[in-house]
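A.B. asks: Sharing entry38.cif, mmCIF, C-alpha atoms:
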data_structure
#
loop_
_atom_site.group_PDB
_atom_site.id
_atom_site.type_symbol
_atom_site.label_atom_id
_atom_site.label_comp_id
_atom_site.auth_asym_id
_atom_site.auth_seq_id
_atom_site.Cartn_x
_atom_site.Cartn_y
_atom_site.Cartn_z
ATOM 1 C CA MET S 1 0.000 0.000 0.000
ATOM 2 C CA MET S 2 2.806 2.420 0.812
ATOM 3 C CA ILE S 3 4.488 1.771 -2.535
ATOM 4 C CA THR S 4 1.232 2.495 -4.342
ATOM 5 C CA PHE S 5 0.694 5.619 -2.233
ATOM 6 C CA GLY S 6 4.159 6.902 -3.121
ATOM 7 C CA LEU S 7 3.946 6.052 -6.805
ATOM 8 C CA PHE S 8 0.544 7.663 -7.303
ATOM 9 C CA THR S 9 1.611 10.759 -5.371
ATOM 10 C CA VAL S 10 4.750 11.089 -7.513
ATOM 11 C CA GLY S 11 2.701 10.344 -10.639
ATOM 12 C CA ASP S 12 0.368 13.223 -9.880
ATOM 13 C CA LEU S 13 3.292 15.578 -9.281
ATOM 14 C CA ILE S 14 4.752 14.549 -12.665
ATOM 15 C CA CYS S 15 1.380 15.237 -14.244
ATOM 16 C CA GLN S 16 1.218 18.673 -12.626
ATOM 17 C CA LYS S 17 4.662 19.498 -14.014
ATOM 18 C CA HIS S 18 3.542 18.474 -17.517
ATOM 19 C CA GLU S 19 0.291 20.427 -17.150
ATOM 20 C CA HIS S 20 2.338 23.503 -16.267
ATOM 21 C CA LYS S 21 4.550 23.026 -19.313
ATOM 22 C CA PHE S 22 1.748 22.260 -21.791
ATOM 23 C CA ASN S 23 -0.555 25.025 -20.567
ATOM 24 C CA GLY S 24 1.987 27.539 -21.807
ATOM 25 C CA CYS S 25 2.862 29.008 -18.422
ATOM 26 C CA SER S 26 5.630 31.528 -18.857
ATOM 27 C CA SER S 27 7.193 31.080 -15.425
ATOM 28 C CA GLU S 28 9.770 28.370 -14.916
ATOM 29 C CA VAL S 29 8.596 27.790 -11.343
ATOM 30 C CA VAL S 30 5.965 25.059 -11.052
ATOM 31 C CA THR S 31 3.445 25.499 -8.264
ATOM 32 C CA TYR S 32 2.481 22.027 -7.109
ATOM 33 C CA ASP S 33 -0.868 21.164 -5.549
ATOM 34 C CA TYR S 34 0.423 18.790 -2.880
ATOM 35 C CA THR S 35 -3.062 18.289 -1.472
ATOM 36 C CA ARG S 36 -4.249 16.901 -4.814
ATOM 37 C CA ALA S 37 -1.203 14.627 -5.088
ATOM 38 C CA LEU S 38 -1.519 13.310 -1.541
ATOM 39 C CA ARG S 39 -5.272 12.805 -1.951
ATOM 40 C CA LEU S 40 -4.711 10.698 -5.080
ATOM 41 C CA GLY S 41 -1.975 8.685 -3.382
ATOM 42 C CA ALA S 42 -4.036 8.105 -0.247
ATOM 43 C CA VAL S 43 -7.203 7.091 -2.064
ATOM 44 C CA ILE S 44 -5.488 4.728 -4.508
ATOM 45 C CA GLY S 45 -3.086 3.406 -1.878
ATOM 46 C CA GLY S 46 -5.970 2.849 0.536
ATOM 47 C CA THR S 47 -8.443 1.241 -1.853
ATOM 48 C CA VAL S 48 -6.886 -0.069 -5.056
ATOM 49 C CA ALA S 49 -3.738 -1.543 -3.493
ATOM 50 C CA PRO S 50 -5.539 -3.700 -0.885
ATOM 51 C CA LEU S 51 -8.129 -4.846 -3.426
ATOM 52 C CA ASN S 52 -5.380 -5.758 -5.912
ATOM 53 C CA TYR S 53 -3.437 -7.627 -3.272
ATOM 54 C CA PHE S 54 -6.464 -9.589 -2.059
ATOM 55 C CA TYR S 55 -7.588 -10.355 -5.598
ATOM 56 C CA THR S 56 -4.208 -11.507 -6.929
ATOM 57 C CA GLN S 57 -3.168 -13.466 -3.835
ATOM 58 C CA ASN S 58 -6.493 -15.115 -2.973
ATOM 59 C CA ILE S 59 -8.675 -15.263 -6.059
ATOM 60 C CA THR S 60 -6.524 -15.144 -9.193
ATOM 61 C CA LYS S 61 -3.930 -17.632 -8.030
ATOM 62 C CA ASN S 62 -6.683 -20.199 -7.499
ATOM 63 C CA VAL S 63 -8.152 -19.692 -10.971
ATOM 64 C CA ALA S 64 -6.190 -21.917 -13.291
ATOM 65 C CA PHE S 65 -7.083 -24.544 -15.811
ATOM 66 C CA LYS S 66 -4.231 -27.015 -15.431
ATOM 67 C CA SER S 67 -4.867 -28.661 -18.796
ATOM 68 C CA MET S 68 -4.554 -25.360 -20.711
ATOM 69 C CA PRO S 69 -1.384 -23.468 -21.691
ATOM 70 C CA LYS S 70 -0.137 -20.693 -19.429
ATOM 71 C CA CYS S 71 -1.025 -17.950 -21.938
ATOM 72 C CA VAL S 72 -4.648 -19.172 -22.128
ATOM 73 C CA ASN S 73 -4.874 -19.099 -18.337
ATOM 74 C CA ALA S 74 -3.389 -15.594 -18.386
ATOM 75 C CA PHE S 75 -6.009 -14.493 -20.914
ATOM 76 C CA PHE S 76 -8.835 -15.698 -18.642
ATOM 77 C CA LYS S 77 -7.224 -14.041 -15.613
ATOM 78 C CA VAL S 78 -6.918 -10.736 -17.490
ATOM 79 C CA ALA S 79 -10.536 -10.957 -18.655
ATOM 80 C CA ALA S 80 -11.740 -11.621 -15.104
ATOM 81 C CA HIS S 81 -9.514 -8.895 -13.656
ATOM 82 C CA SER S 82 -10.727 -6.379 -16.240
ATOM 83 C CA ALA S 83 -14.390 -7.305 -15.883
ATOM 84 C CA LEU S 84 -14.581 -7.698 -12.107
ATOM 85 C CA LEU S 85 -11.855 -5.776 -10.345
ATOM 86 C CA LEU S 86 -11.158 -2.684 -12.459
ATOM 87 C CA PRO S 87 -14.769 -1.387 -12.432
ATOM 88 C CA LEU S 88 -15.059 -1.950 -8.674
ATOM 89 C CA GLN S 89 -11.707 -0.314 -7.897
ATOM 90 C CA PHE S 90 -12.421 2.829 -9.847
ATOM 91 C CA TYR S 91 -15.998 3.119 -8.622
ATOM 92 C CA ILE S 92 -14.807 3.096 -5.010
ATOM 93 C CA SER S 93 -11.680 5.218 -5.505
ATOM 94 C CA LEU S 94 -13.400 7.928 -7.566
ATOM 95 C CA TRP S 95 -16.234 8.188 -5.064
ATOM 96 C CA MET S 96 -13.731 8.469 -2.200
ATOM 97 C CA ALA S 97 -11.608 11.050 -4.043
ATOM 98 C CA GLY S 98 -14.668 13.165 -4.824
ATOM 99 C CA THR S 99 -15.941 12.895 -1.273
ATOM 100 C CA ILE S 100 -12.609 13.945 0.250
ATOM 101 C CA LYS S 101 -12.132 16.711 -2.330
ATOM 102 C CA ASN S 102 -15.548 18.177 -1.421
ATOM 103 C CA GLN S 103 -15.059 18.219 2.359
ATOM 104 C CA PHE S 104 -16.655 14.782 2.904
ATOM 105 C CA ASP S 105 -19.871 15.582 1.045
ATOM 106 C CA HIS S 106 -21.035 12.134 -0.117
ATOM 107 C CA GLU S 107 -23.414 13.506 -2.746
ATOM 108 C CA ALA S 108 -20.635 15.589 -4.298
ATOM 109 C CA GLY S 109 -18.407 12.501 -4.226
ATOM 110 C CA TYR S 110 -21.051 10.529 -6.075
ATOM 111 C CA ALA S 111 -21.409 13.312 -8.678
ATOM 112 C CA TYR S 112 -17.612 13.407 -9.104
ATOM 113 C CA MET S 113 -17.547 9.644 -9.577
ATOM 114 C CA ASN S 114 -20.325 9.800 -12.183
ATOM 115 C CA GLU S 115 -18.471 12.525 -14.083
ATOM 116 C CA LYS S 116 -15.104 10.722 -14.242
ATOM 117 C CA TYR S 117 -15.967 7.009 -14.129
ATOM 118 C CA THR S 118 -16.369 6.271 -17.850
ATOM 119 C CA LYS S 119 -13.174 8.117 -18.821
ATOM 120 C CA VAL S 120 -11.115 6.451 -16.096
ATOM 121 C CA LEU S 121 -12.459 2.965 -16.809
ATOM 122 C CA THR S 122 -11.860 3.397 -20.550
ATOM 123 C CA ALA S 123 -8.290 4.584 -19.944
ATOM 124 C CA SER S 124 -7.657 1.674 -17.596
ATOM 125 C CA LEU S 125 -8.924 -0.808 -20.173
ATOM 126 C CA TYR S 126 -6.399 0.581 -22.661
ATOM 127 C CA TYR S 127 -3.542 0.564 -20.148
ATOM 128 C CA TRP S 128 -3.868 -2.485 -17.897
ATOM 129 C CA PRO S 129 -4.772 -5.603 -19.984
ATOM 130 C CA ALA S 130 -1.385 -5.912 -21.740
ATOM 131 C CA LEU S 131 0.481 -5.377 -18.461
ATOM 132 C CA LEU S 132 -1.783 -7.851 -16.671
ATOM 133 C CA PHE S 133 -1.222 -10.403 -19.413
ATOM 134 C CA CYS S 134 2.556 -10.050 -19.041
ATOM 135 C CA ALA S 135 2.305 -10.305 -15.270
ATOM 136 C CA TYR S 136 0.049 -13.369 -15.279
ATOM 137 C CA THR S 137 2.070 -15.099 -17.996
ATOM 138 C CA PHE S 138 5.682 -14.465 -16.992
ATOM 139 C CA LEU S 139 5.717 -13.729 -13.255
ATOM 140 C CA PRO S 140 5.055 -15.902 -10.230
ATOM 141 C CA MET S 141 1.915 -14.837 -8.375
ATOM 142 C CA SER S 142 4.012 -13.604 -5.449
ATOM 143 C CA LYS S 143 5.602 -10.951 -7.732
ATOM 144 C CA VAL S 144 2.489 -9.795 -9.603
ATOM 145 C CA ASN S 145 1.617 -7.074 -7.074
ATOM 146 C CA VAL S 146 5.134 -5.638 -7.128
ATOM 147 C CA PHE S 147 4.962 -5.458 -10.930
ATOM 148 C CA LEU S 148 1.475 -3.883 -10.896
ATOM 149 C CA ASN S 149 2.507 -1.346 -8.256
ATOM 150 C CA THR S 150 5.605 -0.384 -10.239
ATOM 151 C CA THR S 151 3.777 -0.011 -13.545
ATOM 152 C CA SER S 152 1.062 2.010 -11.831
ATOM 153 C CA LEU S 153 3.302 5.097 -12.005
ATOM 154 C CA GLY S 154 2.421 5.457 -15.687
ATOM 155 C CA PHE S 155 -1.268 5.055 -14.967
ATOM 156 C CA ALA S 156 -1.032 7.590 -12.145
ATOM 157 C CA VAL S 157 0.065 10.234 -14.660
ATOM 158 C CA ILE S 158 -2.814 9.274 -16.988
ATOM 159 C CA LEU S 159 -5.303 9.290 -14.110
ATOM 160 C CA SER S 160 -4.202 12.726 -13.005
ATOM 161 C CA TYR S 161 -4.899 14.140 -16.486
ATOM 162 C CA ILE S 162 -8.436 12.816 -16.327
#
As a first step, turn the structure in this file into structure tokens.

C.D. replies:
Amino acid sequence: MMITFGLFTVGDLICQKHEHKFNGCSSEVVTYDYTRALRLGAVIGGTVAPLNYFYTQNITKNVAFKSMPKCVNAFFKVAAHSALLLPLQFYISLWMAGTIKNQFDHEAGYAYMNEKYTKVLTASLYYWPALLFCAYTFLPMSKVNVFLNTTSLGFAVILSYI
């Protein structure tokens, strides 16, 4: 969870630096919104990381068709991960981020989640399946979370743009 927290916080800071550059700001000094970065890190580190860990260590590792090749098993694991876990993770994390951002107003959090959910889920379905396939095909299950946490830095930058 701490790795995910750190990576998503750093990912948001990278995104803010790129936003500053691409928005045509004339000053060289970047003003970072540390609250935004820490909020993203805390929400993803507190929701997505534990769900990923539980899912990969308790559910995915027990889903295997021993008579099928490893790549076929990986395909089914990616399909299940993408269909079951990704929608749930982003539903919860977007609602929490919106709620925290709006001083713990649950209705505002729900509105925030409704506004961002489709874009975030679509982006995640472009980003994660290939990485999940590599992880489920080439890595032992004990290393899948480390790989997913490490590659989440790229998704953190994408998520911050959305």

A.B. asks: Care to translate the PyMOL selection byres ((chain S and resi 38-41) around 7) into actual residues of this file, as a PyMOL selection string?

C.D. replies: chain S and resi 5-6+8-9+34-37+42-45+97

A.B. asks: What does the distance between CA of Phe54 (chain S) and CA of Val157 (chain S) come to in Å, to one decimal place?

C.D. replies: 24.4 Å

A.B. asks: Using only C-alpha atoms, which protein or nucleic acid residues come within 12 Å of Thr56 (chain S)? Drop anything in the same chain fewer than 5 positions from it, and give the result as a list of chain:residue names.

C.D. replies: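 After dropping sequence-adjacent residues, the list is S:Val48, S:Ala49, S:Pro50, S:Leu51, S:Lys61, S:Asn62, S:Val63, S:Lys77, S:Val78, S:Ala80, S:His81, S:Leu85, S:Leu132, S:Ala135, S:Tyr136, S:Leu139, S:Pro140, S:Met141, S:Ser142, S:Lys143, S:Val144, S:Asn145, S:Val146, S:Phe147, S:Leu148.
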
A.B. asks: Might you pull out every residue within 8 Å of Phe90 (chain S), with all atoms listed in the file counted and same-chain residues fewer than 5 positions away left off, and present them as a PyMOL selection string?

C.D. replies: chain S and resi 48+117+120-121

A.B. asks: Residues within 10 Å of (3.6, 22.8, -9.3), file coordinates, counting all atoms listed in the file: what are they? Give the list as a list in words.

C.D. replies: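 The residues near that point, listed by chain and number, are Leu13, Ile14, Cys15, Gln16, Lys17, His18, Glu19, His20, Val29, Val30, Thr31, Tyr32, Asp33 and Tyr34 of chain S.
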
A.B. asks: At what distance in Å, to one decimal, does CA of Val10 (chain S) lie from CA of Gly154 (chain S)?

C.D. replies: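 About the pair CA of Gly154 (chain S) and CA of Val10 (chain S): they are 10.2 Å apart.
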
A.B. asks: Suppose you want the space between CA of Thr4 (chain S) and CA of Leu84 (chain S); what is it in Å?

C.D. replies: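 Pair CA of Thr4 (chain S) / CA of Leu84 (chain S) returns 20.4 Å.
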
A.B. asks: Starting from the block above, write region 64-80 of chain S out to a file with N, CA and C atoms, as a short mmCIF file (atom, residue, chain, number, x, y, z; two decimals), in the first residue's frame, please.

C.D. replies:
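Generated file (out.cif):
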data_model
loop_
_atom_site.label_atom_id
_atom_site.label_comp_id
_atom_site.auth_asym_id
_atom_site.auth_seq_id
_atom_site.Cartn_x
_atom_site.Cartn_y
_atom_site.Cartn_z
N ALA S 64 -7.12 -21.40 -12.28
CA ALA S 64 -6.19 -21.92 -13.29
C ALA S 64 -6.77 -23.21 -13.85
N PHE S 65 -6.68 -23.32 -15.14
CA PHE S 65 -7.08 -24.54 -15.81
C PHE S 65 -5.80 -25.30 -16.12
N LYS S 66 -5.52 -26.32 -15.34
CA LYS S 66 -4.23 -27.02 -15.43
C LYS S 66 -3.99 -27.67 -16.79
N SER S 67 -5.04 -28.00 -17.50
CA SER S 67 -4.87 -28.66 -18.80
C SER S 67 -4.61 -27.67 -19.93
N MET S 68 -4.73 -26.36 -19.67
CA MET S 68 -4.55 -25.36 -20.71
C MET S 68 -3.18 -24.70 -20.61
N PRO S 69 -2.68 -24.17 -21.72
CA PRO S 69 -1.38 -23.47 -21.69
C PRO S 69 -1.43 -22.23 -20.78
N LYS S 70 -0.25 -21.83 -20.35
CA LYS S 70 -0.14 -20.69 -19.43
C LYS S 70 -0.72 -19.41 -20.02
N CYS S 71 -0.51 -19.18 -21.32
CA CYS S 71 -1.03 -17.95 -21.94
C CYS S 71 -2.55 -17.94 -22.01
N VAL S 72 -3.18 -19.10 -22.13
CA VAL S 72 -4.65 -19.17 -22.13
C VAL S 72 -5.17 -18.86 -20.72
N ASN S 73 -4.51 -19.42 -19.72
CA ASN S 73 -4.87 -19.10 -18.34
C ASN S 73 -4.71 -17.60 -18.07
N ALA S 74 -3.62 -17.03 -18.57
CA ALA S 74 -3.39 -15.59 -18.39
C ALA S 74 -4.49 -14.79 -19.05
N PHE S 75 -4.93 -15.20 -20.23
CA PHE S 75 -6.01 -14.49 -20.91
C PHE S 75 -7.27 -14.49 -20.06
N PHE S 76 -7.64 -15.64 -19.48
CA PHE S 76 -8.83 -15.70 -18.64
C PHE S 76 -8.67 -14.87 -17.37
N LYS S 77 -7.47 -14.85 -16.81
CA LYS S 77 -7.22 -14.04 -15.61
C LYS S 77 -7.34 -12.55 -15.93
N VAL S 78 -6.82 -12.14 -17.08
CA VAL S 78 -6.92 -10.74 -17.49
C VAL S 78 -8.38 -10.36 -17.73
N ALA S 79 -9.11 -11.23 -18.39
CA ALA S 79 -10.54 -10.96 -18.66
C ALA S 79 -11.30 -10.81 -17.35
N ALA S 80 -11.06 -11.71 -16.40
CA ALA S 80 -11.74 -11.62 -15.10
C ALA S 80 -11.32 -10.38 -14.34
#
